[in-house]
Every structure is written in C-alpha cells, then in structure tokens.
$ cat my_file_10.csv   # CSV, N, CA and C atoms
chain,number,residue,atom,x,y,z
U,1,MET,N,-3.0,-11.8,-26.5
U,1,MET,CA,-2.1,-11.7,-25.3
U,1,MET,C,-1.6,-10.2,-25.2
U,2,LEU,N,-1.4,-9.8,-24.0
U,2,LEU,CA,-1.0,-8.4,-23.7
U,2,LEU,C,0.5,-8.3,-24.1
U,3,THR,N,0.8,-7.1,-24.6
U,3,THR,CA,2.2,-6.8,-24.9
U,3,THR,C,2.9,-6.4,-23.6
U,4,PRO,N,4.2,-6.4,-23.6
U,4,PRO,CA,5.0,-5.8,-22.5
U,4,PRO,C,4.6,-4.4,-22.2
U,5,GLN,N,4.3,-3.6,-23.3
U,5,GLN,CA,3.9,-2.2,-23.1
U,5,GLN,C,2.6,-2.1,-22.3
U,6,ALA,N,1.7,-3.0,-22.7
U,6,ALA,CA,0.4,-3.0,-22.0
U,6,ALA,C,0.5,-3.2,-20.5
U,7,ILE,N,1.3,-4.2,-20.2
U,7,ILE,CA,1.6,-4.5,-18.8
U,7,ILE,C,2.2,-3.3,-18.0
U,8,GLU,N,3.2,-2.6,-18.7
U,8,GLU,CA,3.8,-1.4,-18.1
U,8,GLU,C,2.7,-0.3,-17.9
U,9,ASP,N,1.8,-0.2,-18.9
U,9,ASP,CA,0.8,0.8,-18.8
U,9,ASP,C,-0.1,0.5,-17.6
U,10,PHE,N,-0.4,-0.7,-17.3
U,10,PHE,CA,-1.2,-1.1,-16.1
U,10,PHE,C,-0.4,-0.7,-14.8
U,11,LYS,N,0.9,-1.0,-14.8
U,11,LYS,CA,1.7,-0.6,-13.7
U,11,LYS,C,1.7,0.9,-13.5
U,12,ASP,N,1.8,1.7,-14.6
U,12,ASP,CA,1.8,3.1,-14.5
U,12,ASP,C,0.4,3.6,-13.9
U,13,PHE,N,-0.6,3.0,-14.4
U,13,PHE,CA,-2.0,3.3,-14.0
U,13,PHE,C,-2.1,3.1,-12.4
U,14,LEU,N,-1.6,2.0,-11.9
U,14,LEU,CA,-1.6,1.8,-10.5
U,14,LEU,C,-0.8,2.8,-9.8
U,15,ASP,N,0.4,3.1,-10.3
U,15,ASP,CA,1.3,4.1,-9.6
U,15,ASP,C,0.6,5.5,-9.5
U,16,THR,N,-0.1,5.9,-10.6
U,16,THR,CA,-0.6,7.3,-10.6
U,16,THR,C,-2.0,7.4,-10.0
U,17,ASN,N,-2.7,6.3,-9.8
U,17,ASN,CA,-4.0,6.4,-9.2
U,17,ASN,C,-4.1,6.1,-7.7
U,18,ILE,N,-3.1,5.5,-7.1
U,18,ILE,CA,-3.1,5.3,-5.7
U,18,ILE,C,-2.7,6.7,-5.1
U,19,ALA,N,-3.6,7.2,-4.3
U,19,ALA,CA,-3.4,8.6,-3.8
U,19,ALA,C,-3.0,8.7,-2.3
U,20,TYR,N,-3.5,7.9,-1.5
U,20,TYR,CA,-3.2,8.0,-0.1
U,20,TYR,C,-3.6,6.7,0.6
U,21,ALA,N,-3.4,6.6,1.9
U,21,ALA,CA,-3.7,5.4,2.7
U,21,ALA,C,-4.5,5.8,3.9
U,22,LYS,N,-5.2,4.9,4.5
U,22,LYS,CA,-5.7,5.0,5.8
U,22,LYS,C,-5.3,3.8,6.7
U,23,VAL,N,-4.9,4.1,7.9
U,23,VAL,CA,-4.4,3.1,8.8
U,23,VAL,C,-5.3,3.1,10.1
U,24,THR,N,-5.5,2.0,10.7
U,24,THR,CA,-6.2,1.9,12.0
U,24,THR,C,-5.1,1.4,12.9
U,25,VAL,N,-4.8,2.2,13.9
U,25,VAL,CA,-3.9,1.9,15.0
U,25,VAL,C,-4.6,2.1,16.3
U,26,ASN,N,-4.6,1.1,17.2
U,26,ASN,CA,-5.3,1.2,18.5
U,26,ASN,C,-6.7,1.7,18.3
U,27,ASP,N,-7.4,1.2,17.4
U,27,ASP,CA,-8.8,1.5,17.1
U,27,ASP,C,-9.1,2.9,16.6
U,28,THR,N,-8.0,3.6,16.2
U,28,THR,CA,-8.1,5.0,15.7
U,28,THR,C,-7.7,5.0,14.2
U,29,GLU,N,-8.6,5.5,13.3
U,29,GLU,CA,-8.3,5.5,11.9
U,29,GLU,C,-7.6,6.9,11.6
U,30,LYS,N,-6.6,6.8,10.7
U,30,LYS,CA,-5.9,8.0,10.3
U,30,LYS,C,-5.5,8.0,8.9
U,31,LYS,N,-5.7,9.1,8.2
U,31,LYS,CA,-5.3,9.2,6.8
U,31,LYS,C,-3.8,9.5,6.8
U,32,ILE,N,-3.0,8.8,5.9
U,32,ILE,CA,-1.6,9.1,5.8
U,32,ILE,C,-1.2,9.1,4.3
U,33,PRO,N,-0.1,9.9,4.0
U,33,PRO,CA,0.4,9.9,2.6
U,33,PRO,C,1.1,8.7,2.2
U,34,ILE,N,1.3,8.5,0.9
U,34,ILE,CA,2.1,7.4,0.4
U,34,ILE,C,3.6,7.9,0.7
U,35,HIS,N,4.4,7.0,1.3
U,35,HIS,CA,5.7,7.3,1.6
U,35,HIS,C,6.7,7.2,0.4
U,36,ARG,N,6.5,6.1,-0.3
U,36,ARG,CA,7.3,5.9,-1.5
U,36,ARG,C,6.7,4.9,-2.4
U,37,ARG,N,7.0,5.0,-3.7
U,37,ARG,CA,6.6,4.0,-4.7
U,37,ARG,C,7.8,3.5,-5.4
U,38,GLU,N,7.7,2.2,-5.8
U,38,GLU,CA,8.9,1.6,-6.3
U,38,GLU,C,8.6,0.5,-7.3
U,39,ARG,N,9.4,0.4,-8.4
U,39,ARG,CA,9.3,-0.8,-9.3
U,39,ARG,C,10.4,-1.7,-8.9
U,40,LEU,N,10.0,-2.9,-8.4
U,40,LEU,CA,11.0,-3.9,-8.0
U,40,LEU,C,11.7,-4.5,-9.2
U,41,LYS,N,12.9,-5.1,-8.9
U,41,LYS,CA,13.6,-5.7,-10.0
U,41,LYS,C,12.9,-6.8,-10.7
U,42,ASP,N,12.0,-7.5,-10.0
U,42,ASP,CA,11.2,-8.6,-10.7
U,42,ASP,C,9.9,-8.1,-11.4
U,43,GLY,N,9.7,-6.8,-11.4
U,43,GLY,CA,8.6,-6.2,-12.2
U,43,GLY,C,7.4,-5.9,-11.3
U,44,ARG,N,7.4,-6.2,-10.1
U,44,ARG,CA,6.3,-5.9,-9.2
U,44,ARG,C,6.3,-4.4,-8.9
U,45,VAL,N,5.1,-3.9,-8.5
U,45,VAL,CA,5.0,-2.5,-8.1
U,45,VAL,C,4.8,-2.5,-6.6
U,46,ALA,N,5.6,-1.7,-5.9
U,46,ALA,CA,5.5,-1.6,-4.4
U,46,ALA,C,5.1,-0.2,-4.0
U,47,VAL,N,4.2,-0.1,-3.0
U,47,VAL,CA,3.8,1.1,-2.4
U,47,VAL,C,4.1,1.0,-0.9
U,48,TYR,N,4.8,2.0,-0.4
U,48,TYR,CA,5.3,2.0,1.0
U,48,TYR,C,4.5,3.1,1.8
U,49,LEU,N,4.3,2.7,3.1
U,49,LEU,CA,3.6,3.6,4.0
U,49,LEU,C,4.5,3.7,5.3
U,50,ASN,N,4.6,4.9,5.8
U,50,ASN,CA,5.4,5.1,7.0
U,50,ASN,C,4.3,5.3,8.1
U,51,ILE,N,4.1,4.3,8.9
U,51,ILE,CA,3.1,4.3,10.0
U,51,ILE,C,3.7,4.7,11.3
U,52,THR,N,3.4,5.9,11.8
U,52,THR,CA,4.1,6.4,13.0
U,52,THR,C,3.1,6.6,14.1
U,53,PRO,N,2.9,5.6,15.0
U,53,PRO,CA,2.1,5.8,16.2
U,53,PRO,C,2.7,6.8,17.1
U,54,GLN,N,2.0,7.2,18.2
U,54,GLN,CA,2.5,8.1,19.2
U,54,GLN,C,3.8,7.5,19.8
U,55,ALA,N,4.9,8.2,19.9
U,55,ALA,CA,6.1,7.7,20.4
U,55,ALA,C,6.0,7.3,21.9
U,56,GLY,N,6.7,6.2,22.2
U,56,GLY,CA,6.8,5.8,23.6
U,56,GLY,C,5.7,4.9,24.1
U,57,THR,N,4.7,4.7,23.2
U,57,THR,CA,3.5,3.9,23.6
U,57,THR,C,3.6,2.5,22.9
U,58,GLU,N,2.8,1.6,23.4
U,58,GLU,CA,2.5,0.4,22.7
U,58,GLU,C,1.4,0.6,21.6
U,59,ALA,N,1.6,0.0,20.5
U,59,ALA,CA,0.6,0.2,19.4
U,59,ALA,C,0.3,-1.1,18.7
U,60,THR,N,-0.9,-1.2,18.2
U,60,THR,CA,-1.2,-2.3,17.3
U,60,THR,C,-1.8,-1.8,16.0
U,61,ILE,N,-1.1,-2.1,14.9
U,61,ILE,CA,-1.6,-1.8,13.6
U,61,ILE,C,-2.7,-2.8,13.2
U,62,GLN,N,-3.9,-2.3,13.1
U,62,GLN,CA,-5.0,-3.3,12.9
U,62,GLN,C,-5.5,-3.4,11.4
U,63,ARG,N,-5.4,-2.3,10.7
U,63,ARG,CA,-5.9,-2.3,9.3
U,63,ARG,C,-5.1,-1.3,8.5
U,64,VAL,N,-4.9,-1.6,7.2
U,64,VAL,CA,-4.2,-0.8,6.3
U,64,VAL,C,-5.0,-0.8,5.0
U,65,GLN,N,-5.3,0.5,4.5
U,65,GLN,CA,-6.1,0.6,3.2
U,65,GLN,C,-5.4,1.6,2.3
U,66,LEU,N,-5.6,1.3,1.0
U,66,LEU,CA,-5.1,2.2,0.0
U,66,LEU,C,-6.4,2.8,-0.8
U,67,TYR,N,-6.3,4.1,-1.1
U,67,TYR,CA,-7.4,4.7,-1.8
U,67,TYR,C,-6.9,5.4,-3.1
U,68,ASN,N,-7.8,5.5,-4.1
U,68,ASN,CA,-7.5,6.1,-5.3
U,68,ASN,C,-7.7,7.6,-5.3
U,69,LYS,N,-7.5,8.3,-6.4
U,69,LYS,CA,-7.7,9.8,-6.4
U,69,LYS,C,-9.1,10.2,-6.2
U,70,ASN,N,-10.1,9.3,-6.5
U,70,ASN,CA,-11.5,9.5,-6.3
U,70,ASN,C,-12.0,9.1,-4.9
U,71,LYS,N,-11.1,8.9,-4.0
U,71,LYS,CA,-11.4,8.5,-2.6
U,71,LYS,C,-12.1,7.2,-2.5
U,72,GLN,N,-11.9,6.3,-3.5
U,72,GLN,CA,-12.5,5.0,-3.5
U,72,GLN,C,-11.4,4.0,-3.0
U,73,LEU,N,-11.9,3.0,-2.2
U,73,LEU,CA,-11.0,2.0,-1.6
U,73,LEU,C,-10.5,1.1,-2.7
U,74,TRP,N,-9.2,0.9,-2.7
U,74,TRP,CA,-8.6,0.0,-3.7
U,74,TRP,C,-8.0,-1.3,-3.1
U,75,ALA,N,-7.4,-1.2,-1.9
U,75,ALA,CA,-6.8,-2.3,-1.3
U,75,ALA,C,-7.1,-2.2,0.2
U,76,ASP,N,-7.4,-3.4,0.9
U,76,ASP,CA,-7.7,-3.4,2.3
U,76,ASP,C,-7.1,-4.6,2.9
U,77,LYS,N,-6.4,-4.4,4.0
U,77,LYS,CA,-5.7,-5.6,4.6
U,77,LYS,C,-5.9,-5.4,6.1
U,78,THR,N,-6.4,-6.5,6.7
U,78,THR,CA,-6.5,-6.6,8.2
U,78,THR,C,-5.2,-7.1,8.7
U,79,GLU,N,-4.7,-6.5,9.8
U,79,GLU,CA,-3.4,-6.8,10.3
U,79,GLU,C,-3.6,-7.0,11.9
U,80,ASN,N,-2.5,-7.5,12.5
U,80,ASN,CA,-2.4,-7.5,13.9
U,80,ASN,C,-0.9,-7.4,14.2
U,81,ILE,N,-0.4,-6.2,13.9
U,81,ILE,CA,1.1,-6.0,14.0
U,81,ILE,C,1.3,-5.2,15.3
U,82,GLU,N,1.9,-5.8,16.3
U,82,GLU,CA,2.1,-5.2,17.6
U,82,GLU,C,3.5,-4.5,17.7
U,83,LEU,N,3.5,-3.3,18.1
U,83,LEU,CA,4.7,-2.5,18.3
U,83,LEU,C,4.8,-2.2,19.8
U,84,SER,N,6.0,-2.4,20.3
U,84,SER,CA,6.1,-2.0,21.7
U,84,SER,C,7.2,-1.0,21.8
U,85,ASN,N,7.0,0.0,22.7
U,85,ASN,CA,8.0,1.1,23.0
U,85,ASN,C,8.3,1.7,21.6
U,86,VAL,N,7.3,2.2,21.0
U,86,VAL,CA,7.5,2.8,19.6
U,86,VAL,C,8.4,4.0,19.7
U,87,GLN,N,9.4,4.0,18.8
U,87,GLN,CA,10.3,5.2,18.7
U,87,GLN,C,10.0,6.0,17.5
U,88,GLU,N,9.9,5.3,16.3
U,88,GLU,CA,9.7,6.0,15.1
U,88,GLU,C,8.4,5.5,14.3
U,89,GLY,N,8.2,4.2,14.2
U,89,GLY,CA,7.1,3.7,13.5
U,89,GLY,C,7.4,2.5,12.7
U,90,ALA,N,6.6,2.1,11.8
U,90,ALA,CA,6.7,0.9,11.0
U,90,ALA,C,6.6,1.3,9.5
U,91,LEU,N,7.5,0.7,8.7
U,91,LEU,CA,7.4,0.8,7.3
U,91,LEU,C,6.6,-0.4,6.8
U,92,TYR,N,5.4,-0.1,6.1
U,92,TYR,CA,4.5,-1.1,5.6
U,92,TYR,C,4.5,-1.1,4.1
U,93,ARG,N,4.5,-2.2,3.5
U,93,ARG,CA,4.6,-2.3,2.0
U,93,ARG,C,3.5,-3.1,1.4
U,94,PHE,N,2.8,-2.6,0.4
U,94,PHE,CA,1.9,-3.3,-0.4
U,94,PHE,C,2.7,-3.6,-1.7
U,95,VAL,N,2.6,-4.9,-2.2
U,95,VAL,CA,3.3,-5.2,-3.4
U,95,VAL,C,2.2,-5.8,-4.4
U,96,PHE,N,2.3,-5.3,-5.6
U,96,PHE,CA,1.3,-5.8,-6.7
U,96,PHE,C,2.1,-6.4,-7.8
U,97,ARG,N,1.6,-7.6,-8.2
U,97,ARG,CA,2.2,-8.3,-9.3
U,97,ARG,C,1.2,-8.5,-10.4
U,98,PHE,N,1.6,-8.2,-11.6
U,98,PHE,CA,0.7,-8.4,-12.8
U,98,PHE,C,1.0,-9.7,-13.5
U,99,VAL,N,0.0,-10.5,-13.7
U,99,VAL,CA,0.2,-11.8,-14.3
U,99,VAL,C,-0.8,-12.0,-15.4
U,100,GLU,N,-0.4,-12.4,-16.6
U,100,GLU,CA,-1.4,-12.7,-17.6
U,100,GLU,C,-1.5,-14.2,-17.7
U,101,GLN,N,-2.7,-14.7,-17.8
U,101,GLN,CA,-2.9,-16.2,-17.9
U,101,GLN,C,-4.0,-16.5,-18.9
U,102,GLU,N,-3.8,-17.5,-19.6
U,102,GLU,CA,-4.8,-18.0,-20.5
U,102,GLU,C,-5.7,-18.9,-19.7
U,103,VAL,N,-7.0,-18.8,-20.0
U,103,VAL,CA,-8.0,-19.7,-19.3
U,103,VAL,C,-8.8,-20.4,-20.2
$ encode --input "my_file_10.csv" --output "structure tokens"
Amino acid sequence: MLTPQAIEDFKDFLDTNIAYAKVTVNDTEKKIPIHRRERLKDGRVAVYLNITPQAGTEATIQRVQLYNKNKQLWADKTENIELSNVQEGALYRFVFRFVEQEV
C-alpha cells in the first residue's frame, strides 16, 4: 500500500508537470496559462483556467485541454458552455483525486 507521503508526491508531480492549457472557443483554439493551482481541503488537486473570450460577444467553450512540460496532452474535456454578452470570461476548473484501491 502507498504511504501518505507517496500520495503527496504524486500530487506534487501533477502540480509541477501541468504547464499550460489549450481551449477551443467558437471553433478557435488558443493556448492559455494556468491561472491558479490549489490543494483542496479534501486532498484533491485543482487546476484553474481563466478563459476570456472577446468581450461583448457570445461565445461557446467547446474543448479544454491540459498539457505537460513536454507539450504532451494530459487531460482533454469536450464541453458546450455557452456564454452570452461576455464581459470578463469564465473560470474553469479541473479537479484530480488520488485513490488507492486493492484489486
């Protein structure tokens, strides 16, 4: 069984290796930085993205992806998040939970 330290090391690995995101909004892909990283009280790891479409327009967030330092895809989520009369953008969050199970 993994020790609590091993699980923390996996969380640290995730934190340090996610480098950036790509989002597709209105059929246009754009590379964006990670806005914030957080360890939630329940032990999960959260990665936040600030997705800011062009102000004053309608926008649909269609895809959100996370990439590692080697430019390899780590997480990929298809979405259909519609924004109307966009003023600032949307805060998007990936949450990762580490669970050890005996099989």
$ closest_residue --input "my_file_10.csv" --among "U:Glu102, U:Asp76, U:Glu82, U:Glu58" --to "Val23 in chain U" --atoms "only C-alpha atoms"
U:Asp76
$ closest_residue --input "my_file_10.csv" --among "U:Glu38, U:Leu2, U:Phe98, U:Asn17" --to "Leu73 in chain U" --atoms "only C-alpha atoms"
U:Asn17
$ atom_distance --input "my_file_10.csv" --atom1 "CA of Arg93 in chain U" --atom2 "CA of Phe10 in chain U"
19.0 Å
$ select_by_dssp --input "my_file_10.csv" --residues "chain U" --states "strand (DSSP E or B)" --output "NGL selection string"
:U and (18-25 or 28-33 or 36-39 or 45-51 or 59-68 or 73-83 or 90-96)
$ atom_distance --input "my_file_10.csv" --atom1 "atom C of Arg37 in chain U" --atom2 "atom N of Val99 in chain U"
18.0 Å
$ closest_residue --input "my_file_10.csv" --among "U:Arg36, U:Leu66, U:Val47, U:Thr60" --to "Leu83 in chain U" --atoms "all atoms listed in the file"
U:Thr60
$ decode --input "my_file_10.csv" --residues "range 17-29 of chain U" --atoms "all heavy atoms" --output "PDB file, in the first residue's frame"
ATOM      1  N   ASN U  17       4.055  19.355 -13.209  1.00  0.00           N
ATOM      2  CA  ASN U  17       4.173  18.952 -14.608  1.00  0.00           C
ATOM      3  C   ASN U  17       3.093  19.501 -15.529  1.00  0.00           C
ATOM      4  O   ASN U  17       3.286  19.520 -16.742  1.00  0.00           O
ATOM      5  CB  ASN U  17       4.238  17.432 -14.718  1.00  0.00           C
ATOM      6  CG  ASN U  17       5.628  16.942 -14.418  1.00  0.00           C
ATOM      7  OD1 ASN U  17       6.523  17.103 -15.230  1.00  0.00           O
ATOM      8  ND2 ASN U  17       5.831  16.394 -13.238  1.00  0.00           N
ATOM      9  N   ILE U  18       1.980  19.949 -14.994  1.00  0.00           N
ATOM     10  CA  ILE U  18       0.990  20.606 -15.846  1.00  0.00           C
ATOM     11  C   ILE U  18       1.513  21.996 -16.147  1.00  0.00           C
ATOM     12  O   ILE U  18       1.760  22.793 -15.244  1.00  0.00           O
ATOM     13  CB  ILE U  18      -0.393  20.653 -15.176  1.00  0.00           C
ATOM     14  CG1 ILE U  18      -0.957  19.238 -15.081  1.00  0.00           C
ATOM     15  CG2 ILE U  18      -1.327  21.564 -15.962  1.00  0.00           C
ATOM     16  CD1 ILE U  18      -2.277  19.153 -14.357  1.00  0.00           C
ATOM     17  N   ALA U  19       1.707  22.284 -17.422  1.00  0.00           N
ATOM     18  CA  ALA U  19       2.384  23.520 -17.803  1.00  0.00           C
ATOM     19  C   ALA U  19       1.450  24.598 -18.353  1.00  0.00           C
ATOM     20  O   ALA U  19       1.643  25.779 -18.074  1.00  0.00           O
ATOM     21  CB  ALA U  19       3.467  23.215 -18.839  1.00  0.00           C
ATOM     22  N   TYR U  20       0.470  24.198 -19.149  1.00  0.00           N
ATOM     23  CA  TYR U  20      -0.416  25.177 -19.779  1.00  0.00           C
ATOM     24  C   TYR U  20      -1.673  24.472 -20.266  1.00  0.00           C
ATOM     25  O   TYR U  20      -1.795  23.254 -20.183  1.00  0.00           O
ATOM     26  CB  TYR U  20       0.288  25.895 -20.942  1.00  0.00           C
ATOM     27  CG  TYR U  20       0.689  24.995 -22.082  1.00  0.00           C
ATOM     28  CD1 TYR U  20      -0.158  24.773 -23.161  1.00  0.00           C
ATOM     29  CD2 TYR U  20       1.924  24.350 -22.087  1.00  0.00           C
ATOM     30  CE1 TYR U  20       0.210  23.939 -24.202  1.00  0.00           C
ATOM     31  CE2 TYR U  20       2.308  23.522 -23.122  1.00  0.00           C
ATOM     32  CZ  TYR U  20       1.440  23.324 -24.176  1.00  0.00           C
ATOM     33  OH  TYR U  20       1.814  22.496 -25.198  1.00  0.00           O
ATOM     34  N   ALA U  21      -2.594  25.256 -20.793  1.00  0.00           N
ATOM     35  CA  ALA U  21      -3.838  24.711 -21.321  1.00  0.00           C
ATOM     36  C   ALA U  21      -4.061  25.205 -22.739  1.00  0.00           C
ATOM     37  O   ALA U  21      -3.455  26.186 -23.175  1.00  0.00           O
ATOM     38  CB  ALA U  21      -5.005  25.135 -20.433  1.00  0.00           C
ATOM     39  N   LYS U  22      -4.932  24.501 -23.436  1.00  0.00           N
ATOM     40  CA  LYS U  22      -5.456  24.967 -24.714  1.00  0.00           C
ATOM     41  C   LYS U  22      -6.975  24.908 -24.602  1.00  0.00           C
ATOM     42  O   LYS U  22      -7.524  23.936 -24.069  1.00  0.00           O
ATOM     43  CB  LYS U  22      -4.996  24.095 -25.876  1.00  0.00           C
ATOM     44  CG  LYS U  22      -3.554  24.295 -26.257  1.00  0.00           C
ATOM     45  CD  LYS U  22      -3.209  23.491 -27.498  1.00  0.00           C
ATOM     46  CE  LYS U  22      -1.742  23.668 -27.874  1.00  0.00           C
ATOM     47  NZ  LYS U  22      -1.409  22.839 -29.052  1.00  0.00           N
ATOM     48  N   VAL U  23      -7.629  25.953 -25.088  1.00  0.00           N
ATOM     49  CA  VAL U  23      -9.084  25.972 -25.089  1.00  0.00           C
ATOM     50  C   VAL U  23      -9.567  26.252 -26.511  1.00  0.00           C
ATOM     51  O   VAL U  23      -8.920  26.964 -27.268  1.00  0.00           O
ATOM     52  CB  VAL U  23      -9.667  27.023 -24.118  1.00  0.00           C
ATOM     53  CG1 VAL U  23      -9.303  26.692 -22.689  1.00  0.00           C
ATOM     54  CG2 VAL U  23      -9.235  28.421 -24.465  1.00  0.00           C
ATOM     55  N   THR U  24     -10.699  25.670 -26.827  1.00  0.00           N
ATOM     56  CA  THR U  24     -11.347  25.948 -28.106  1.00  0.00           C
ATOM     57  C   THR U  24     -12.628  26.697 -27.800  1.00  0.00           C
ATOM     58  O   THR U  24     -13.504  26.199 -27.091  1.00  0.00           O
ATOM     59  CB  THR U  24     -11.649  24.652 -28.873  1.00  0.00           C
ATOM     60  OG1 THR U  24     -10.427  23.925 -29.056  1.00  0.00           O
ATOM     61  CG2 THR U  24     -12.265  24.953 -30.235  1.00  0.00           C
ATOM     62  N   VAL U  25     -12.695  27.938 -28.310  1.00  0.00           N
ATOM     63  CA  VAL U  25     -13.859  28.795 -28.133  1.00  0.00           C
ATOM     64  C   VAL U  25     -14.283  29.253 -29.524  1.00  0.00           C
ATOM     65  O   VAL U  25     -13.472  29.777 -30.291  1.00  0.00           O
ATOM     66  CB  VAL U  25     -13.522  30.009 -27.242  1.00  0.00           C
ATOM     67  CG1 VAL U  25     -14.719  30.936 -27.112  1.00  0.00           C
ATOM     68  CG2 VAL U  25     -13.050  29.558 -25.864  1.00  0.00           C
ATOM     69  N   ASN U  26     -15.552  29.033 -29.846  1.00  0.00           N
ATOM     70  CA  ASN U  26     -16.086  29.399 -31.170  1.00  0.00           C
ATOM     71  C   ASN U  26     -15.208  28.863 -32.301  1.00  0.00           C
ATOM     72  O   ASN U  26     -14.859  29.579 -33.232  1.00  0.00           O
ATOM     73  CB  ASN U  26     -16.246  30.914 -31.290  1.00  0.00           C
ATOM     74  CG  ASN U  26     -17.289  31.463 -30.342  1.00  0.00           C
ATOM     75  OD1 ASN U  26     -18.124  30.738 -29.833  1.00  0.00           O
ATOM     76  ND2 ASN U  26     -17.232  32.756 -30.101  1.00  0.00           N
ATOM     77  N   ASP U  27     -14.812  27.605 -32.178  1.00  0.00           N
ATOM     78  CA  ASP U  27     -14.012  26.890 -33.185  1.00  0.00           C
ATOM     79  C   ASP U  27     -12.588  27.418 -33.345  1.00  0.00           C
ATOM     80  O   ASP U  27     -11.916  27.092 -34.317  1.00  0.00           O
ATOM     81  CB  ASP U  27     -14.707  26.894 -34.557  1.00  0.00           C
ATOM     82  CG  ASP U  27     -16.026  26.148 -34.529  1.00  0.00           C
ATOM     83  OD1 ASP U  27     -16.084  25.068 -33.896  1.00  0.00           O
ATOM     84  OD2 ASP U  27     -17.001  26.631 -35.131  1.00  0.00           O
ATOM     85  N   THR U  28     -12.110  28.224 -32.403  1.00  0.00           N
ATOM     86  CA  THR U  28     -10.742  28.739 -32.444  1.00  0.00           C
ATOM     87  C   THR U  28      -9.976  28.247 -31.228  1.00  0.00           C
ATOM     88  O   THR U  28     -10.399  28.477 -30.093  1.00  0.00           O
ATOM     89  CB  THR U  28     -10.736  30.288 -32.473  1.00  0.00           C
ATOM     90  OG1 THR U  28     -11.470  30.727 -33.616  1.00  0.00           O
ATOM     91  CG2 THR U  28      -9.324  30.831 -32.534  1.00  0.00           C
ATOM     92  N   GLU U  29      -8.850  27.558 -31.472  1.00  0.00           N
ATOM     93  CA  GLU U  29      -8.025  27.041 -30.380  1.00  0.00           C
ATOM     94  C   GLU U  29      -7.008  28.098 -29.949  1.00  0.00           C
ATOM     95  O   GLU U  29      -6.408  28.772 -30.778  1.00  0.00           O
ATOM     96  CB  GLU U  29      -7.295  25.782 -30.837  1.00  0.00           C
ATOM     97  CG  GLU U  29      -6.514  25.106 -29.719  1.00  0.00           C
ATOM     98  CD  GLU U  29      -5.833  23.845 -30.199  1.00  0.00           C
ATOM     99  OE1 GLU U  29      -4.730  23.958 -30.764  1.00  0.00           O
ATOM    100  OE2 GLU U  29      -6.417  22.768 -30.026  1.00  0.00           O
TER     101      GLU U  29
END
